[in-house]
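Below is structure.cif, which holds mmCIF, C-alpha atoms.
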```cif
data_upload
#
loop_
_atom_site.label_atom_id
_atom_site.label_comp_id
_atom_site.auth_asym_id
_atom_site.auth_seq_id
_atom_site.Cartn_x
_atom_site.Cartn_y
_atom_site.Cartn_z
CA MET A 9 -67.39 101.12 -230.75
CA THR A 10 -66.08 99.45 -233.86
CA ASP A 11 -66.88 95.97 -235.08
CA HIS A 12 -63.76 95.07 -236.94
CA ALA A 13 -61.03 93.44 -234.90
CA ALA A 14 -57.84 95.29 -234.09
CA PRO A 15 -54.72 94.27 -236.03
CA THR A 16 -53.01 91.27 -234.50
CA ASP A 17 -49.40 91.78 -235.50
CA LYS A 18 -46.94 92.23 -232.67
CA ALA A 19 -45.88 95.75 -233.64
CA SER A 20 -49.37 97.22 -233.57
CA ILE A 21 -50.23 95.40 -230.35
CA ILE A 22 -47.22 96.88 -228.60
CA ARG A 23 -47.74 100.30 -230.17
CA ASP A 24 -51.40 100.42 -229.03
CA GLY A 25 -50.49 99.22 -225.55
CA VAL A 26 -47.73 101.77 -225.09
CA ARG A 27 -49.86 104.56 -226.52
CA ALA A 28 -52.63 103.79 -224.04
CA ALA A 29 -50.24 103.40 -221.11
CA TRP A 30 -48.50 106.78 -221.25
CA PRO A 31 -50.60 108.63 -218.65
CA ILE A 32 -49.92 105.86 -216.15
CA CYS A 33 -46.19 105.88 -216.90
CA LEU A 34 -46.06 109.64 -216.49
CA GLY A 35 -47.91 109.40 -213.21
CA TYR A 36 -45.68 106.64 -211.87
CA VAL A 37 -42.52 108.71 -212.25
CA PRO A 38 -43.03 111.11 -209.30
CA ILE A 39 -44.52 108.41 -207.08
CA GLY A 40 -41.77 105.93 -207.93
CA LEU A 41 -39.05 108.52 -207.36
CA ALA A 42 -40.60 109.51 -204.05
CA PHE A 43 -40.76 105.89 -202.98
CA GLY A 44 -37.14 105.31 -204.00
CA VAL A 45 -35.94 108.33 -202.03
CA LEU A 46 -37.87 107.25 -198.96
CA ALA A 47 -36.72 103.64 -199.18
CA GLN A 48 -33.12 104.72 -199.59
CA LYS A 49 -33.42 106.88 -196.48
CA ALA A 50 -34.79 103.82 -194.66
CA GLY A 51 -31.58 102.02 -195.57
CA LEU A 52 -32.58 100.01 -198.63
CA SER A 53 -30.11 99.64 -201.50
CA PRO A 54 -31.25 100.30 -205.09
CA LEU A 55 -31.17 96.54 -205.66
CA ALA A 56 -33.39 95.93 -202.63
CA ILE A 57 -35.77 98.64 -203.84
CA GLY A 58 -35.95 97.10 -207.31
CA LEU A 59 -36.62 93.67 -205.83
CA MET A 60 -39.54 94.91 -203.78
CA SER A 61 -41.01 96.84 -206.71
CA ALA A 62 -40.72 93.83 -208.98
CA PHE A 63 -42.20 91.36 -206.48
CA VAL A 64 -44.94 93.54 -205.06
CA PHE A 65 -45.80 96.18 -207.70
CA ALA A 66 -48.21 98.03 -205.42
CA GLY A 67 -47.38 101.60 -204.47
CA SER A 68 -49.42 102.00 -201.32
CA ALA A 69 -48.31 98.66 -199.86
CA GLN A 70 -44.67 99.48 -200.58
CA PHE A 71 -44.84 102.91 -198.93
CA ILE A 72 -46.39 101.37 -195.85
CA ALA A 73 -43.83 98.55 -195.79
CA VAL A 74 -40.93 101.01 -195.83
CA ALA A 75 -42.53 103.08 -193.08
CA MET A 76 -43.05 99.94 -191.01
CA LEU A 77 -39.46 98.80 -191.62
CA GLY A 78 -38.37 102.13 -190.21
CA THR A 79 -40.29 101.48 -187.01
CA GLY A 80 -38.79 98.01 -186.66
CA ALA A 81 -41.97 96.08 -187.43
CA GLY A 82 -41.70 92.33 -188.02
CA ILE A 83 -42.08 90.56 -191.37
CA ALA A 84 -45.42 88.99 -190.47
CA ALA A 85 -46.95 92.33 -189.51
CA ILE A 86 -45.80 93.99 -192.74
CA VAL A 87 -47.02 91.11 -194.91
CA ALA A 88 -50.41 91.11 -193.16
CA THR A 89 -50.73 94.85 -193.71
CA ALA A 90 -49.82 94.51 -197.39
CA PHE A 91 -52.55 91.91 -197.73
CA THR A 92 -55.30 94.13 -196.34
CA VAL A 93 -54.10 97.18 -198.26
CA ASN A 94 -54.42 95.31 -201.55
CA LEU A 95 -57.71 93.51 -200.99
CA ARG A 96 -59.33 96.01 -203.34
CA HIS A 97 -57.68 94.15 -206.21
CA LEU A 98 -60.23 91.38 -205.59
CA LEU A 99 -62.90 93.67 -207.01
CA MET A 100 -60.78 94.88 -209.90
CA SER A 101 -59.77 91.37 -210.88
CA SER A 102 -63.42 90.29 -210.74
CA ALA A 103 -64.55 93.13 -212.98
CA LEU A 104 -61.78 92.44 -215.51
CA SER A 105 -62.60 88.72 -215.64
CA VAL A 106 -65.72 89.50 -217.68
CA TYR A 107 -63.48 90.59 -220.57
CA LEU A 108 -60.96 87.79 -220.32
CA ARG A 109 -63.16 84.79 -221.06
CA GLY A 110 -61.37 82.03 -222.85
CA VAL A 111 -57.88 83.36 -222.25
CA HIS A 112 -55.53 80.55 -221.30
CA LYS A 113 -55.01 80.12 -217.56
CA ARG A 114 -51.27 80.53 -217.86
CA TRP A 115 -51.71 83.94 -219.52
CA LEU A 116 -54.27 84.94 -216.91
CA SER A 117 -51.75 84.19 -214.19
CA LEU A 118 -49.24 86.47 -215.88
CA PHE A 119 -51.85 89.17 -216.41
CA ALA A 120 -52.91 89.10 -212.75
CA TYR A 121 -49.45 90.25 -211.71
CA GLY A 122 -49.95 93.57 -213.46
CA ILE A 123 -53.38 94.52 -212.11
CA THR A 124 -53.14 97.89 -210.37
CA ASP A 125 -55.68 100.66 -209.74
CA GLU A 126 -54.33 102.38 -212.82
CA SER A 127 -54.05 99.48 -215.28
CA PHE A 128 -57.44 98.20 -214.15
CA ALA A 129 -59.23 101.46 -214.83
CA LEU A 130 -57.51 102.01 -218.16
CA ASN A 131 -57.87 98.47 -219.51
CA LEU A 132 -61.50 98.22 -218.48
CA VAL A 133 -62.38 101.35 -220.43
CA GLN A 134 -60.41 100.13 -223.44
CA PHE A 135 -62.12 96.73 -223.38
CA ARG A 136 -65.53 98.33 -223.35
CA GLU A 137 -64.70 100.69 -226.17
CA GLY A 138 -63.67 97.75 -228.32
CA ASN A 139 -60.57 97.46 -230.47
CA TRP A 140 -58.87 96.11 -227.38
CA ASP A 141 -57.76 92.63 -226.52
CA PHE A 142 -55.90 90.60 -223.96
CA LYS A 143 -52.45 91.18 -225.45
CA ARG A 144 -52.86 94.94 -225.60
CA ALA A 145 -54.02 94.93 -221.99
CA LEU A 146 -51.04 92.79 -221.04
CA THR A 147 -48.75 95.28 -222.77
CA VAL A 148 -50.22 98.08 -220.65
CA ASN A 149 -49.57 96.03 -217.51
CA HIS A 150 -45.96 95.30 -218.37
CA VAL A 151 -45.00 98.71 -219.68
CA THR A 152 -46.37 100.38 -216.56
CA ASN A 153 -44.67 97.77 -214.40
CA ALA A 154 -41.33 98.49 -216.05
CA PHE A 155 -41.82 102.23 -215.44
CA TRP A 156 -42.66 101.58 -211.81
CA VAL A 157 -39.63 99.42 -211.13
CA ALA A 158 -37.30 101.78 -212.98
CA SER A 159 -38.52 104.96 -211.32
CA THR A 160 -38.30 103.47 -207.82
CA VAL A 161 -34.73 102.32 -208.48
CA ILE A 162 -33.75 105.70 -209.93
CA GLY A 163 -35.29 107.34 -206.86
CA GLY A 164 -33.12 105.12 -204.69
CA LEU A 165 -30.01 105.95 -206.72
CA GLY A 166 -30.34 109.69 -206.24
CA GLY A 167 -33.89 110.81 -206.74
CA ALA A 168 -33.35 113.59 -204.24
CA PHE A 169 -31.56 115.48 -207.01
CA ILE A 170 -34.39 115.11 -209.49
CA PRO A 171 -37.06 117.85 -209.38
CA ALA A 172 -39.88 115.45 -208.60
CA HIS A 173 -42.65 118.03 -208.41
CA ALA A 174 -41.95 119.76 -211.71
CA PHE A 175 -44.74 120.68 -214.12
CA GLY A 176 -47.57 119.39 -211.97
CA ILE A 177 -46.58 115.81 -212.77
CA ASP A 178 -47.94 114.83 -209.34
CA TYR A 179 -51.40 115.38 -210.76
CA ALA A 180 -51.04 113.08 -213.79
CA LEU A 181 -52.75 110.06 -212.21
CA MET A 182 -55.54 112.16 -210.70
CA GLY A 183 -56.20 113.69 -214.12
CA MET A 184 -56.31 110.24 -215.67
CA PHE A 185 -58.64 108.87 -213.00
CA LEU A 186 -61.00 111.84 -213.41
CA CYS A 187 -61.29 111.24 -217.14
CA LEU A 188 -61.67 107.47 -216.71
CA LEU A 189 -64.47 108.15 -214.21
CA VAL A 190 -66.18 110.32 -216.81
CA TYR A 191 -66.02 107.38 -219.25
CA GLN A 192 -67.74 105.21 -216.64
CA LEU A 193 -70.68 107.58 -216.19
CA ARG A 194 -72.73 106.00 -218.95
CA GLY A 195 -76.18 106.80 -217.57
CA ARG A 196 -78.10 107.92 -214.53
CA LEU A 197 -77.53 104.67 -212.66
CA TYR A 198 -73.75 104.94 -213.02
CA VAL A 199 -73.75 108.56 -211.89
CA LEU A 200 -75.84 107.65 -208.86
CA THR A 201 -73.59 104.67 -208.06
CA GLY A 202 -70.54 106.92 -208.32
CA LEU A 203 -72.11 109.50 -206.03
CA ILE A 204 -73.00 106.87 -203.43
CA ALA A 205 -69.48 105.41 -203.62
CA GLY A 206 -67.86 108.83 -203.33
CA ALA A 207 -69.97 109.90 -200.36
CA ALA A 208 -69.50 106.56 -198.59
CA ALA A 209 -65.76 106.63 -199.27
CA VAL A 210 -65.33 110.14 -197.88
CA ILE A 211 -67.25 109.31 -194.70
CA LEU A 212 -65.52 105.96 -194.20
CA SER A 213 -62.06 107.35 -194.98
CA ILE A 214 -62.46 109.92 -192.23
CA ALA A 215 -63.97 107.44 -189.78
CA ILE A 216 -61.54 104.54 -190.34
CA PRO A 217 -57.76 104.72 -190.74
CA GLY A 218 -56.15 102.68 -193.52
CA ASN A 219 -57.67 102.18 -196.95
CA SER A 220 -60.39 99.60 -196.36
CA TYR A 221 -62.83 102.38 -197.26
CA ILE A 222 -62.16 101.76 -200.97
CA VAL A 223 -63.49 98.21 -200.92
CA ALA A 224 -66.27 98.98 -198.44
CA ALA A 225 -67.58 102.01 -200.33
CA SER A 226 -67.40 100.25 -203.70
CA VAL A 227 -69.30 97.21 -202.45
CA ILE A 228 -71.94 99.38 -200.78
CA ALA A 229 -72.41 101.52 -203.89
CA ALA A 230 -72.52 98.67 -206.43
CA THR A 231 -74.98 96.77 -204.24
CA ALA A 232 -77.16 99.87 -203.88
CA GLY A 233 -76.93 100.41 -207.63
CA LEU A 234 -77.97 96.82 -208.33
CA TYR A 235 -80.93 97.21 -205.96
CA ILE A 236 -82.00 100.40 -207.74
CA ARG A 237 -81.68 98.72 -211.12
CA ARG A 238 -83.99 95.93 -209.97
CA ARG A 239 -86.43 98.13 -208.08
CA TRP A 240 -86.77 100.96 -210.58
CA PRO A 241 -85.86 99.54 -213.98
CA SER A 242 -87.05 102.65 -215.81
CA PHE A 243 -84.58 104.82 -213.87
CA ALA A 244 -81.71 102.51 -214.66
CA ALA A 245 -82.68 102.11 -218.32
CA SER A 246 -81.76 105.68 -219.22
CA SER A 247 -78.27 105.91 -220.54
CA ALA A 248 -76.16 108.70 -221.83
CA PRO A 249 -75.90 109.00 -225.60
CA ALA A 250 -72.90 107.00 -226.76
CA ARG A 251 -70.00 109.32 -227.37
CA LYS A 252 -66.64 108.51 -228.74
CA ASN A 253 -63.75 108.77 -226.29
CA LYS A 254 -60.50 110.25 -227.47
CA ARG A 255 -57.08 109.45 -226.30
CA MET B 5 -26.72 93.49 -199.60
CA ILE B 6 -29.95 91.53 -199.61
CA THR B 7 -30.56 89.67 -196.36
CA THR B 8 -32.60 86.49 -196.15
CA ASP B 9 -35.15 88.33 -194.01
CA TYR B 10 -35.59 91.00 -196.65
CA MET B 11 -35.98 88.36 -199.36
CA ILE B 12 -38.68 86.63 -197.29
CA LEU B 13 -40.40 89.97 -196.78
CA CYS B 14 -40.49 90.68 -200.53
CA LEU B 15 -41.69 87.18 -201.36
CA GLY B 16 -44.34 87.32 -198.65
CA MET B 17 -45.61 90.73 -199.74
CA GLY B 18 -45.51 89.61 -203.36
CA LEU B 19 -47.58 86.54 -202.58
CA VAL B 20 -50.29 88.32 -200.60
CA THR B 21 -50.64 91.05 -203.21
CA TYR B 22 -50.69 88.53 -206.05
CA ILE B 23 -53.45 86.31 -204.66
CA PRO B 24 -56.24 88.93 -204.64
CA ARG B 25 -55.21 89.92 -208.17
CA TRP B 26 -55.20 86.37 -209.41
CA ALA B 27 -57.97 84.40 -207.66
CA PRO B 28 -61.08 86.16 -209.06
CA LEU B 29 -59.61 86.36 -212.55
CA PHE B 30 -58.76 82.68 -212.47
CA ALA B 31 -62.07 81.57 -210.97
CA LEU B 32 -64.52 83.86 -212.75
CA SER B 33 -63.17 84.02 -216.30
CA GLN B 34 -63.73 80.28 -216.82
CA ARG B 35 -67.50 80.28 -216.28
CA THR B 36 -70.69 82.09 -217.13
CA LEU B 37 -71.65 84.40 -214.30
CA PRO B 38 -75.17 84.76 -212.94
CA ARG B 39 -76.90 87.84 -214.29
CA TRP B 40 -77.02 89.68 -210.97
CA LEU B 41 -73.27 89.27 -210.55
CA GLU B 42 -72.57 90.59 -214.03
CA GLU B 43 -74.77 93.60 -213.36
CA TRP B 44 -73.07 94.13 -210.02
CA LEU B 45 -69.60 93.93 -211.57
CA ASP B 46 -70.74 96.34 -214.28
CA LEU B 47 -71.22 98.99 -211.57
CA ILE B 48 -67.90 98.31 -209.83
CA PRO B 49 -65.64 100.50 -212.03
CA ALA B 50 -67.69 103.65 -211.51
CA ALA B 51 -67.88 102.87 -207.80
CA ILE B 52 -64.15 102.13 -207.38
CA LEU B 53 -62.98 105.16 -209.34
CA SER B 54 -65.25 107.41 -207.34
CA ALA B 55 -64.11 105.82 -204.08
CA LEU B 56 -60.47 106.32 -205.08
CA ILE B 57 -60.87 109.90 -206.28
CA LEU B 58 -63.18 111.67 -203.84
CA PRO B 59 -61.39 111.03 -200.53
CA ALA B 60 -58.12 112.03 -202.22
CA LEU B 61 -59.70 115.36 -203.13
CA VAL B 62 -61.62 116.30 -200.02
CA THR B 63 -59.52 114.93 -197.19
CA VAL B 64 -56.02 115.83 -196.00
CA GLY B 65 -53.61 114.69 -193.35
CA GLU B 66 -53.20 111.58 -191.28
CA PRO B 67 -55.61 110.90 -189.61
CA ARG B 68 -57.67 112.23 -192.49
CA GLN B 69 -59.73 115.37 -192.06
CA LEU B 70 -62.30 116.98 -194.31
CA SER B 71 -60.82 119.78 -196.42
CA LEU B 72 -62.98 121.58 -198.96
CA TRP B 73 -60.35 124.11 -199.97
CA ASN B 74 -57.15 122.63 -201.37
CA ASN B 75 -55.34 122.67 -204.69
CA ASP B 76 -56.18 119.07 -205.55
CA LEU B 77 -59.89 119.79 -205.29
CA LEU B 78 -59.77 123.25 -206.90
CA VAL B 79 -57.97 121.84 -209.93
CA ALA B 80 -60.25 118.81 -210.12
CA VAL B 81 -63.38 120.90 -210.83
CA PRO B 82 -62.30 122.42 -214.18
CA VAL B 83 -60.43 119.21 -215.10
CA PHE B 84 -63.56 117.11 -214.54
CA LEU B 85 -65.68 119.52 -216.59
CA PHE B 86 -63.07 119.46 -219.34
CA ALA B 87 -63.17 115.65 -219.35
CA LEU B 88 -66.97 115.65 -219.51
CA ARG B 89 -66.91 118.05 -222.44
CA THR B 90 -64.00 116.72 -224.50
CA ARG B 91 -63.72 113.08 -223.38
CA SER B 92 -60.04 113.38 -224.17
CA LEU B 93 -57.81 111.38 -221.84
CA GLY B 94 -54.54 112.96 -222.97
CA GLY B 95 -55.99 116.47 -222.87
CA THR B 96 -57.38 115.91 -219.39
CA VAL B 97 -54.05 114.66 -218.05
CA VAL B 98 -52.11 117.57 -219.54
CA LEU B 99 -54.65 120.18 -218.40
CA GLY B 100 -54.66 118.69 -214.90
CA MET B 101 -50.88 118.88 -214.68
CA ALA B 102 -50.78 122.45 -216.02
CA LEU B 103 -53.46 123.72 -213.65
CA TYR B 104 -51.94 121.90 -210.69
CA TRP B 105 -48.56 123.39 -211.47
CA LEU B 106 -50.07 126.88 -211.76
CA ALA B 107 -52.09 126.40 -208.57
CA GLY B 108 -48.90 125.44 -206.74
CA LYS B 109 -47.15 128.55 -208.07
CA PHE B 110 -49.86 131.10 -207.38
CA LEU B 111 -51.94 129.67 -204.55
CA GLY B 112 -49.11 128.00 -202.69
#
```
Would it be possible to restate this file's structure as structure tokens?
Amino acid sequence: MTDHAAPTDKASIIRDGVRAAWPICLGYVPIGLAFGVLAQKAGLSPLAIGLMSAFVFAGSAQFIAVAMLGTGAGIAAIVATAFTVNLRHLLMSSALSVYLRGVHKRWLSLFAYGITDESFALNLVQFREGNWDFKRALTVNHVTNAFWVASTVIGGLGGAFIPAHAFGIDYALMGMFLCLLVYQLRGRLYVLTGLIAGAAAVILSIAIPGNSYIVAASVIAATAGLYIRRRWPSFAASSAPARKNKR
Amino acid sequence: MITTDYMILCLGMGLVTYIPRWAPLFALSQRTLPRWLEEWLDLIPAAILSALILPALVTVGEPRQLSLWNNDLLVAVPVFLFALRTRSLGGTVVLGMALYWLAGKFLG
């Protein structure tokens, strides 16, 4: 954690944002290509694919939408499904709001567009480490968005000819998430909360189809963690020694 | 060719994915939160990341079934330990990709 503010000139803001965003961009390539290929097989033109990616910017919802289009589902059903699939963003947006006090409402509305699982996790860690601000976070959102749109369109243009599974690139996002989780384990209470969330998520994901298990498990675990913090303050007070994270 | 129906679909999906991203940010960032809510939100990232990661590692198929022996999980163990030890995001991503690629080659 450093006290001095990060440089505010445009070049360093964009450079920092892009530098932080690279694991997400890398991870979006295989998923975006795969989506493009699938959407093209479902009869969508590259333009149609790009439109959906730009409007929706949510991988899981888009995959489901294309699958539903293939089965002849109606617009209302697809839209309703997209809504439930992305309810988890409620939690992410709430957690990010703590760091975006005083940012103008118009900028917040633009920022909201770019909140994904990936940008959320990355920006949150960066905010806590310091040397991070709204504009850098916004850069991460937009750079990753551009990568998403581009890779889905390229997939639709002829992604079948691109070796999508080369060099373990399919694991890029998982690797990033694992490291970002490590950053979040800042003491016993966080480890315990993570364990509760993981166990609840595994059980719920097997018991219930769809992805509502993400929201349910997170709410259960954070609530349990809050209870533990109140009930046994000495347990919660222990925290891991502060260690510097590297990029 | 973009049909009107497809345009409505994209707009509709865009709207319903945008609202959950926007509403809490818009409502919560303008006020001071009660202490319990701040403490609760402080635990959300660890909870969400864990809830995203673990089912992806230990379940397969649709409907999902428990699977405690698969490449995703096997690779995750050394990658997680590496992240704990080095706290290097870039290193963790690259190691994860390398091990996953090797696992695919040698374990199938």
Taking 6 positions as the minimum chain separation for residues in the same chain, which residues sit within 10 Å of stretch 94-102 of chain A when counting only C-alpha atoms? Answer as a PyMOL selection string. (chain A and resi 66-69+119-120+123-125+127-129+132+219-224+226-227) or (chain B and resi 20-33+41-42+45+48-49+52)
Would you mind listing what lies within 12 Å of B:Met11 as an NGL selection string, with only C-alpha atoms counted and same-chain residues fewer than 6 positions away left out? (:A and (55-60 or 63-64 or 83)) or (:B and (5 or 17-18))
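Among B:Leu58, B:Val97, B:Leu103, B:Leu111, the residue with the shortest atom-to-atom distance to B:Asn74, counting only C-alpha atoms, is B:Leu111.
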Selection in question (the file shown): the PyMOL selection byres ((chain A and resi 233) around 9). Which residues does it include, as a list in words?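 What the PyMOL selection byres ((chain A and resi 233) around 9) grabs from the file is Leu197, Tyr198, Leu200, Thr201, Ile204, Ile228, Ala229, Ala230, Thr231, Ala232, Leu234, Tyr235, Ile236, Arg237, Arg238 and Ala244 of chain A; Trp44 and Leu47 of chain B.
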To one decimal in Å, tell me the separation between atom CA of A:Val190 and atom CA of B:Leu77.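 Spanning atom CA of A:Val190 to atom CA of B:Leu77 is a straight-line distance of 16.2 Å.
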Please determine an axis-aligned box that encloses all atoms of stretch 116-131 of chain A listed in the file, with 4 Å added on each side, and express its centre and edge lengths in Å to one decimal as lines of an AutoDock Vina configuration file.
```
center_x = -54.2
center_y = 93.3
center_z = -214.6
size_x = 18.0
size_y = 26.2
size_z = 17.8
```
Apply the PyMOL selection byres ((chain B and resi 67) around 9) to the displayed file and report the matching residues as an NGL selection string. (:A and (214 or 216-217)) or (:B and (64-66 or 68-69))
What's the 6 Å shell around stretch 145-157 of chain A, counting only C-alpha atoms, without same-chain residues fewer than 6 positions away, as an mmCIF file with C-alpha atoms, in the frame of the given file?
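Listed below is the output, part-v4.cif:
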```cif
data_model
loop_
_atom_site.group_PDB
_atom_site.id
_atom_site.type_symbol
_atom_site.label_atom_id
_atom_site.label_comp_id
_atom_site.auth_asym_id
_atom_site.auth_seq_id
_atom_site.Cartn_x
_atom_site.Cartn_y
_atom_site.Cartn_z
ATOM 1 C CA GLY A 25 -50.490 99.220 -225.550
ATOM 2 C CA ALA A 29 -50.240 103.400 -221.110
ATOM 3 C CA CYS A 33 -46.190 105.880 -216.900
ATOM 4 C CA TYR A 36 -45.680 106.640 -211.870
ATOM 5 C CA GLY A 40 -41.770 105.930 -207.930
ATOM 6 C CA GLY A 58 -35.950 97.100 -207.310
ATOM 7 C CA SER A 61 -41.010 96.840 -206.710
ATOM 8 C CA PHE A 119 -51.850 89.170 -216.410
ATOM 9 C CA GLY A 122 -49.950 93.570 -213.460
ATOM 10 C CA ASN A 131 -57.870 98.470 -219.510
#
```
